[in-house]
>>> print(open('final_8.txt').read())   # compact mmCIF, C-alpha atoms (C1' of nucleotides)
# COMPACT_ATOMS: atom_id res chain seq x y z
CA MET A 270 -50.22 -23.72 -28.34
CA ASP A 271 -48.93 -20.52 -29.87
CA ALA A 272 -48.64 -19.93 -33.60
CA LYS A 273 -44.87 -20.25 -33.50
CA GLN A 274 -44.90 -23.76 -32.11
CA PHE A 275 -47.73 -24.77 -34.39
CA GLN A 276 -45.63 -23.64 -37.34
CA LYS A 277 -42.57 -25.50 -36.08
CA ILE A 278 -44.54 -28.71 -35.74
CA ALA A 279 -46.01 -28.41 -39.22
CA LYS A 280 -42.52 -27.99 -40.59
CA ALA A 281 -41.17 -30.88 -38.57
CA LEU A 282 -43.87 -33.15 -39.97
CA ALA A 283 -43.11 -32.14 -43.53
CA ASP A 284 -39.98 -34.24 -43.60
CA PRO A 285 -40.73 -37.92 -44.21
CA ARG A 286 -37.82 -39.07 -42.09
CA ARG A 287 -39.03 -37.11 -39.11
CA PHE A 288 -42.54 -38.39 -39.47
CA GLU A 289 -41.16 -41.89 -39.62
CA ILE A 290 -39.31 -41.29 -36.38
CA LEU A 291 -42.45 -39.98 -34.74
CA SER A 292 -44.46 -42.98 -35.92
CA ARG A 293 -41.98 -45.35 -34.42
CA ILE A 294 -41.59 -43.79 -31.04
CA ALA A 295 -45.35 -43.31 -30.80
CA GLY A 296 -45.90 -47.03 -30.49
CA VAL A 297 -43.68 -47.50 -27.47
CA LYS A 298 -42.94 -45.72 -24.24
CA GLU A 299 -39.55 -44.63 -25.44
CA MET A 300 -36.94 -45.71 -27.94
CA ALA A 301 -33.17 -45.70 -28.08
CA CYS A 302 -31.63 -43.49 -30.70
CA ALA A 303 -29.37 -46.28 -31.90
CA ASN A 304 -32.45 -48.41 -32.31
CA LEU A 305 -33.93 -45.92 -34.71
CA ARG A 306 -30.85 -45.89 -36.84
CA CYS A 307 -31.18 -49.57 -37.68
CA ASP A 308 -34.11 -48.91 -39.98
CA LEU A 309 -33.46 -45.45 -41.30
CA PRO A 310 -31.08 -45.00 -44.22
CA ILE A 311 -29.38 -41.96 -42.77
CA THR A 312 -26.15 -41.25 -40.97
CA ALA A 313 -25.94 -40.66 -37.24
CA ALA A 314 -25.30 -36.98 -37.88
CA THR A 315 -28.50 -36.60 -39.85
CA LEU A 316 -30.53 -38.49 -37.28
CA SER A 317 -29.11 -36.28 -34.56
CA HIS A 318 -30.20 -33.26 -36.57
CA HIS A 319 -33.74 -34.57 -37.00
CA ILE A 320 -34.09 -35.39 -33.34
CA LYS A 321 -33.05 -31.89 -32.47
CA GLU A 322 -35.68 -30.49 -34.81
CA LEU A 323 -38.38 -32.63 -33.23
CA GLU A 324 -37.22 -31.57 -29.81
CA ASN A 325 -37.18 -27.95 -30.83
CA ALA A 326 -40.75 -28.28 -32.05
CA GLY A 327 -41.68 -29.64 -28.65
CA LEU A 328 -42.81 -32.95 -30.09
CA VAL A 329 -40.34 -35.20 -28.29
CA GLU A 330 -38.28 -35.26 -25.16
CA VAL A 331 -34.94 -36.88 -24.75
CA ARG A 332 -33.55 -38.82 -21.83
CA LYS A 333 -29.84 -39.44 -21.59
CA ASP A 334 -28.72 -42.75 -20.19
CA ALA A 335 -24.94 -43.04 -20.19
CA LYS A 336 -23.87 -43.53 -23.79
CA PHE A 337 -27.41 -43.76 -25.09
CA ILE A 338 -30.28 -41.39 -25.52
CA HIS A 339 -33.91 -42.35 -25.44
CA ILE A 340 -36.63 -40.47 -27.23
CA ARG A 341 -40.21 -40.17 -26.17
CA LEU A 342 -43.23 -38.60 -27.81
CA ARG A 343 -44.78 -35.76 -25.86
CA ARG A 344 -48.33 -36.91 -26.26
CA PRO A 345 -50.02 -33.81 -24.83
CA VAL A 346 -48.29 -31.65 -27.42
CA TRP A 347 -49.28 -34.05 -30.15
CA ARG A 348 -52.88 -34.00 -29.00
CA GLU A 349 -52.81 -30.23 -28.90
CA TYR A 350 -51.53 -30.09 -32.43
CA LEU A 351 -54.28 -32.39 -33.65
CA ALA A 352 -56.86 -30.29 -31.83
CA GLU A 353 -55.49 -27.20 -33.51
CA LEU A 354 -55.82 -28.79 -36.94
CA LYS A 355 -59.32 -29.94 -36.18
CA LYS A 356 -60.37 -26.36 -35.54
CA ILE A 357 -60.31 -25.69 -39.23
CA MET H 28 -54.89 -42.13 -48.68
CA ASP H 29 -51.56 -43.32 -50.02
CA ALA H 30 -48.22 -42.31 -48.56
CA LYS H 31 -47.46 -40.02 -51.47
CA GLN H 32 -50.50 -37.85 -50.95
CA PHE H 33 -50.02 -37.86 -47.21
CA GLN H 34 -46.52 -36.54 -47.76
CA LYS H 35 -47.72 -33.87 -50.16
CA ILE H 36 -50.29 -32.64 -47.69
CA ALA H 37 -47.77 -32.48 -44.86
CA LYS H 38 -45.53 -30.39 -47.06
CA ALA H 39 -48.38 -28.16 -48.16
CA LEU H 40 -49.24 -27.45 -44.54
CA ALA H 41 -45.67 -26.56 -43.69
CA ASP H 42 -45.94 -23.22 -45.41
CA PRO H 43 -47.69 -20.63 -43.25
CA ARG H 44 -49.23 -18.89 -46.23
CA ARG H 45 -50.81 -22.06 -47.45
CA PHE H 46 -52.17 -22.90 -44.06
CA GLU H 47 -53.64 -19.43 -43.87
CA ILE H 48 -55.36 -19.99 -47.20
CA LEU H 49 -56.78 -23.28 -45.98
CA SER H 50 -58.03 -21.71 -42.77
CA ARG H 51 -59.87 -19.05 -44.68
CA ILE H 52 -61.58 -21.20 -47.23
CA ALA H 53 -62.51 -23.72 -44.56
CA GLY H 54 -64.95 -21.32 -43.00
CA VAL H 55 -67.00 -20.77 -46.15
CA LYS H 56 -68.37 -22.86 -48.99
CA GLU H 57 -65.93 -21.39 -51.44
CA MET H 58 -63.84 -18.26 -51.85
CA ALA H 59 -62.72 -16.15 -54.78
CA CYS H 60 -59.01 -16.09 -55.41
CA ALA H 61 -59.02 -12.30 -55.66
CA ASN H 62 -60.69 -12.23 -52.27
CA LEU H 63 -57.81 -14.12 -50.73
CA ARG H 64 -55.28 -11.68 -52.06
CA CYS H 65 -56.77 -8.80 -50.12
CA ASP H 66 -55.36 -10.11 -46.87
CA LEU H 67 -52.22 -11.91 -47.90
CA PRO H 68 -49.04 -9.92 -48.44
CA ILE H 69 -48.03 -11.80 -51.58
CA THR H 70 -48.22 -11.21 -55.30
CA ALA H 71 -50.80 -12.82 -57.56
CA ALA H 72 -48.08 -15.04 -58.99
CA THR H 73 -47.15 -16.41 -55.59
CA LEU H 74 -50.76 -16.97 -54.64
CA SER H 75 -51.30 -18.84 -57.88
CA HIS H 76 -48.33 -21.03 -57.03
CA HIS H 77 -49.67 -21.82 -53.57
CA ILE H 78 -53.11 -22.66 -54.88
CA LYS H 79 -51.57 -25.05 -57.33
CA GLU H 80 -49.65 -26.74 -54.53
CA LEU H 81 -52.80 -27.15 -52.47
CA GLU H 82 -54.62 -28.50 -55.50
CA ASN H 83 -51.78 -30.87 -56.25
CA ALA H 84 -51.96 -32.17 -52.71
CA GLY H 85 -55.64 -32.83 -53.23
CA LEU H 86 -56.65 -30.43 -50.47
CA VAL H 87 -58.66 -27.99 -52.55
CA GLU H 88 -60.60 -27.90 -55.75
CA VAL H 89 -60.94 -24.98 -58.06
CA ARG H 90 -63.93 -23.76 -60.00
CA LYS H 91 -63.47 -21.34 -62.84
CA ASP H 92 -66.07 -18.66 -63.36
CA ALA H 93 -65.17 -16.40 -66.25
CA LYS H 94 -62.32 -14.20 -65.07
CA PHE H 95 -62.41 -15.50 -61.53
CA ILE H 96 -61.57 -18.73 -59.84
CA HIS H 97 -63.14 -20.02 -56.67
CA ILE H 98 -61.42 -22.32 -54.25
CA ARG H 99 -63.06 -24.88 -52.06
CA LEU H 100 -61.69 -27.16 -49.36
CA ARG H 101 -62.05 -30.86 -50.10
CA ARG H 102 -63.31 -31.80 -46.68
CA PRO H 103 -63.20 -35.58 -47.13
CA VAL H 104 -59.49 -35.37 -47.92
CA TRP H 105 -58.92 -33.13 -44.95
CA ARG H 106 -60.76 -35.56 -42.69
CA GLU H 107 -58.75 -38.42 -44.10
CA TYR H 108 -55.53 -36.60 -43.36
CA LEU H 109 -56.56 -35.95 -39.80
CA ALA H 110 -57.52 -39.58 -39.40
CA GLU H 111 -54.13 -40.60 -40.69
CA LEU H 112 -52.39 -38.37 -38.14
CA LYS H 113 -54.56 -39.71 -35.37
CA LYS H 114 -53.37 -43.23 -36.10
CA ILE H 115 -50.06 -42.42 -34.52
C1' DG K 230 -60.36 -3.29 -81.47
C1' DA K 231 -58.33 -1.10 -77.26
C1' DA K 232 -58.14 -0.91 -72.47
C1' DT K 233 -58.70 -3.25 -68.23
C1' DC K 234 -58.77 -6.77 -64.90
C1' DA K 235 -57.85 -11.78 -63.22
C1' DA K 236 -54.93 -15.29 -63.31
C1' DT K 237 -51.00 -18.05 -65.12
C1' DT K 238 -46.47 -18.89 -66.85
C1' DA K 239 -41.59 -18.28 -67.36
C1' DG K 240 -37.37 -17.24 -65.62
C1' DA K 241 -34.35 -15.64 -61.97
C1' DT K 242 -32.80 -15.25 -57.28
C1' DG K 243 -31.95 -15.89 -52.52
C1' DG K 244 -32.50 -18.54 -48.61
C1' DC K 245 -33.35 -22.55 -46.20
C1' DC K 246 -32.32 -27.30 -45.16
C1' DA K 247 -31.37 -32.44 -45.57
C1' DT K 248 -27.45 -34.65 -46.05
C1' DC K 249 -22.75 -36.14 -45.54
C1' DA K 250 -17.80 -36.67 -43.99
C1' DA K 251 -14.75 -35.68 -40.57
C1' DA K 252 -13.58 -34.25 -36.18
C1' DA K 253 -14.88 -33.77 -31.44
C1' DT K 254 -17.05 -35.23 -27.08
C1' DA K 255 -18.58 -38.60 -23.86
C1' DT K 256 -18.94 -43.05 -21.71
C1' DC K 257 -17.82 -47.60 -21.04
C1' DG K 258 -14.97 -52.06 -20.77
C1' DA K 259 -10.63 -54.27 -20.85
C1' DT F 195 -5.00 -45.65 -20.11
C1' DC F 196 -6.53 -47.37 -24.60
C1' DG F 197 -9.81 -48.60 -27.75
C1' DA F 198 -14.57 -49.05 -28.90
C1' DT F 199 -19.16 -47.31 -29.23
C1' DA F 200 -22.80 -43.50 -29.17
C1' DT F 201 -23.83 -39.09 -30.15
C1' DT F 202 -22.88 -34.23 -31.41
C1' DT F 203 -20.75 -30.54 -33.80
C1' DT F 204 -18.77 -28.30 -37.66
C1' DG F 205 -18.41 -27.08 -42.19
C1' DA F 206 -19.61 -27.84 -46.89
C1' DT F 207 -22.70 -28.90 -50.66
C1' DG F 208 -26.57 -29.59 -53.51
C1' DG F 209 -31.27 -29.24 -54.17
C1' DC F 210 -35.63 -27.50 -53.34
C1' DC F 211 -38.81 -23.71 -53.01
C1' DA F 212 -41.11 -19.13 -51.82
C1' DT F 213 -40.89 -15.12 -53.90
C1' DC F 214 -40.56 -11.57 -57.30
C1' DT F 215 -40.87 -9.16 -61.99
C1' DA F 216 -42.24 -9.31 -66.56
C1' DA F 217 -44.63 -11.26 -70.07
C1' DT F 218 -48.77 -13.89 -71.45
C1' DT F 219 -53.42 -15.64 -71.72
C1' DG F 220 -58.29 -15.10 -71.22
C1' DA F 221 -62.49 -12.52 -70.39
C1' DT F 222 -65.08 -8.22 -69.98
C1' DT F 223 -66.40 -3.69 -71.23
C1' DC F 224 -66.47 0.42 -73.82
>>> encode(input="final_8.txt", output="structure tokens")
Amino acid sequence: MDAKQFQKIAKALADPRRFEILSRIAGVKEMACANLRCDLPITAATLSHHIKELENAGLVEVRKDAKFIHIRLRRPVWREYLAELKKI
Amino acid sequence: MDAKQFQKIAKALADPRRFEILSRIAGVKEMACANLRCDLPITAATLSHHIKELENAGLVEVRKDAKFIHIRLRRPVWREYLAELKKI
DNA sequence: GAATCAATTAGATGGCCATCAAAATATCGA
DNA sequence: TCGATATTTTGATGGCCATCTAATTGATTC
């Protein structure tokens, strides 16, 4: 993992909403975007923004299924990030 | 570790300068503040600000020795943070 | 006591970003 | 085709924050 991605991930995790999203999708194979919105007190526009940030950091991947999108944690990237932190 | 501190740490890590500081003091028992400034392209005021943020997040502790201050990583907190991330 | 060095504080500034509302795009069902 | 639902995009706004300069505090040395 290069420094740039590491930095992006750190920034992505700094927002509580994004961490919440990560926590939720981590427990399942994948999760519908609309499903996420039920619990989070944010508009669809804001959620869309956060998902893009997570995707841009390489932390999640998105699958489009007709009207819906499904988000999935990229576990190898997550593990790599943890390993990077543990180096300290 | 409560959610508040977890959040503070995540935010503290999001700034590259602060992560750099952490990386450096992690390798030694403690490090003089003036020593840190040698390598970082920031003013003393900014460094002071960052150190306070790290302290506020509970990540470091500071020892004052006459004119100088010495910074030390609080390893148990760091370990706790990693453990928290690993829960995901 | 004056000069010097380390660090902090105060105050200002510029940029980034989470958020929203509104409009647009896309897909489905009737 | 029309309306409904899901998501994205656009544009705007307000707040937070990294950074600086300048002034201040505290400690040392001469």
>>> atom_distance(input="final_8.txt", atom1="CA of Val346 (chain A)", atom2="CA of Glu330 (chain A)")
10.9 Å
>>> closest_residue(input="final_8.txt", among="F:DC224, F:DA217, F:DA198, F:DA212", to="chain H", atoms="all atoms listed in the file")
F:DA212
>>> interface_residues(input="final_8.txt", of="chain K", to="chain H", cutoff="12 Å", atoms="all atoms listed in the file", output="ChimeraX atom specification")
/K:233-239
>>> atom_distance(input="final_8.txt", atom1="CA of Met270 (chain A)", atom2="CA of Leu109 (chain H)")
17.9 Å
>>> closest_atom_pairs(input="final_8.txt", of="chain H", to="chain A", cutoff="7 Å", atoms="only C-alpha atoms", output="Markdown table")
| residue | atom | partner | partner_atom | distance |
| --- | --- | --- | --- | --- |
| H:Gln34 | CA | A:Pro285 | CA | 6.9 |
| H:Ala37 | CA | A:Ala283 | CA | 4.9 |
| H:Lys38 | CA | A:Ala283 | CA | 4.6 |
| H:Leu40 | CA | A:Ala279 | CA | 6.3 |
| H:Ala41 | CA | A:Lys280 | CA | 4.6 |
| H:Pro43 | CA | A:Gln276 | CA | 6.9 |
| H:Ser50 | CA | A:Ile357 | CA | 5.8 |
| H:Ala53 | CA | A:Ile357 | CA | 6.1 |
| H:Ile115 | CA | A:Ser292 | CA | 5.8 |
>>> closest_residue(input="final_8.txt", among="A:Asp271, A:Val331, A:Ala326, A:Ile340", to="Val297 (chain A)", atoms="only C-alpha atoms")
A:Ile340
>>> interface_residues(input="final_8.txt", of="chain F", to="chain H", cutoff="9 Å", atoms="all atoms listed in the file", output="PyMOL selection string")
chain F and resi 212-214+220-222
>>> atom_distance(input="final_8.txt", atom1="CA of Met58 (chain H)", atom2="CA of His97 (chain H)")
5.2 Å
>>> closest_residue(input="final_8.txt", among="H:Asp66, H:Arg45, H:Ile78, H:Glu57", to="Leu100 (chain H)", atoms="all atoms listed in the file")
H:Glu57
>>> build_atoms(input="final_8.txt", residues="region 299-319 of chain A", atoms="N, CA and C atoms", output="CSV table (one decimal), in the frame of the given file")
chain,number,residue,atom,x,y,z
A,299,GLU,N,-40.7,-45.4,-24.9
A,299,GLU,CA,-39.6,-44.6,-25.4
A,299,GLU,C,-38.6,-45.5,-26.3
A,300,MET,N,-37.8,-44.9,-27.0
A,300,MET,CA,-36.9,-45.7,-27.9
A,300,MET,C,-35.5,-45.2,-28.0
A,301,ALA,N,-34.6,-46.1,-28.0
A,301,ALA,CA,-33.2,-45.7,-28.1
A,301,ALA,C,-32.9,-45.1,-29.5
A,302,CYS,N,-32.0,-44.1,-29.5
A,302,CYS,CA,-31.6,-43.5,-30.7
A,302,CYS,C,-31.0,-44.5,-31.6
A,303,ALA,N,-30.1,-45.3,-31.1
A,303,ALA,CA,-29.4,-46.3,-31.9
A,303,ALA,C,-30.3,-47.3,-32.5
A,304,ASN,N,-31.4,-47.5,-31.8
A,304,ASN,CA,-32.4,-48.4,-32.3
A,304,ASN,C,-33.1,-47.9,-33.6
A,305,LEU,N,-33.3,-46.6,-33.6
A,305,LEU,CA,-33.9,-45.9,-34.7
A,305,LEU,C,-33.0,-46.0,-35.9
A,306,ARG,N,-31.8,-45.9,-35.7
A,306,ARG,CA,-30.8,-45.9,-36.8
A,306,ARG,C,-30.8,-47.2,-37.6
A,307,CYS,N,-31.2,-48.3,-37.0
A,307,CYS,CA,-31.2,-49.6,-37.7
A,307,CYS,C,-32.0,-49.5,-39.0
A,308,ASP,N,-33.2,-48.8,-38.9
A,308,ASP,CA,-34.1,-48.9,-40.0
A,308,ASP,C,-34.0,-47.7,-40.9
A,309,LEU,N,-33.5,-46.6,-40.5
A,309,LEU,CA,-33.5,-45.4,-41.3
A,309,LEU,C,-32.2,-45.4,-42.1
A,310,PRO,N,-32.3,-45.1,-43.4
A,310,PRO,CA,-31.1,-45.0,-44.2
A,310,PRO,C,-30.4,-43.7,-44.1
A,311,ILE,N,-30.0,-43.2,-42.9
A,311,ILE,CA,-29.4,-42.0,-42.8
A,311,ILE,C,-28.2,-42.1,-41.8
A,312,THR,N,-27.3,-41.2,-41.9
A,312,THR,CA,-26.2,-41.2,-41.0
A,312,THR,C,-26.6,-40.8,-39.6
A,313,ALA,N,-25.7,-41.1,-38.6
A,313,ALA,CA,-25.9,-40.7,-37.2
A,313,ALA,C,-26.1,-39.2,-37.1
A,314,ALA,N,-25.3,-38.4,-37.9
A,314,ALA,CA,-25.3,-37.0,-37.9
A,314,ALA,C,-26.7,-36.5,-38.3
A,315,THR,N,-27.2,-37.0,-39.4
A,315,THR,CA,-28.5,-36.6,-39.8
A,315,THR,C,-29.6,-36.9,-38.9
A,316,LEU,N,-29.5,-38.1,-38.3
A,316,LEU,CA,-30.5,-38.5,-37.3
A,316,LEU,C,-30.5,-37.5,-36.1
A,317,SER,N,-29.3,-37.2,-35.7
A,317,SER,CA,-29.1,-36.3,-34.6
A,317,SER,C,-29.8,-34.9,-34.9
A,318,HIS,N,-29.6,-34.5,-36.1
A,318,HIS,CA,-30.2,-33.3,-36.6
A,318,HIS,C,-31.7,-33.3,-36.5
A,319,HIS,N,-32.3,-34.4,-37.0
A,319,HIS,CA,-33.7,-34.6,-37.0
A,319,HIS,C,-34.3,-34.6,-35.6
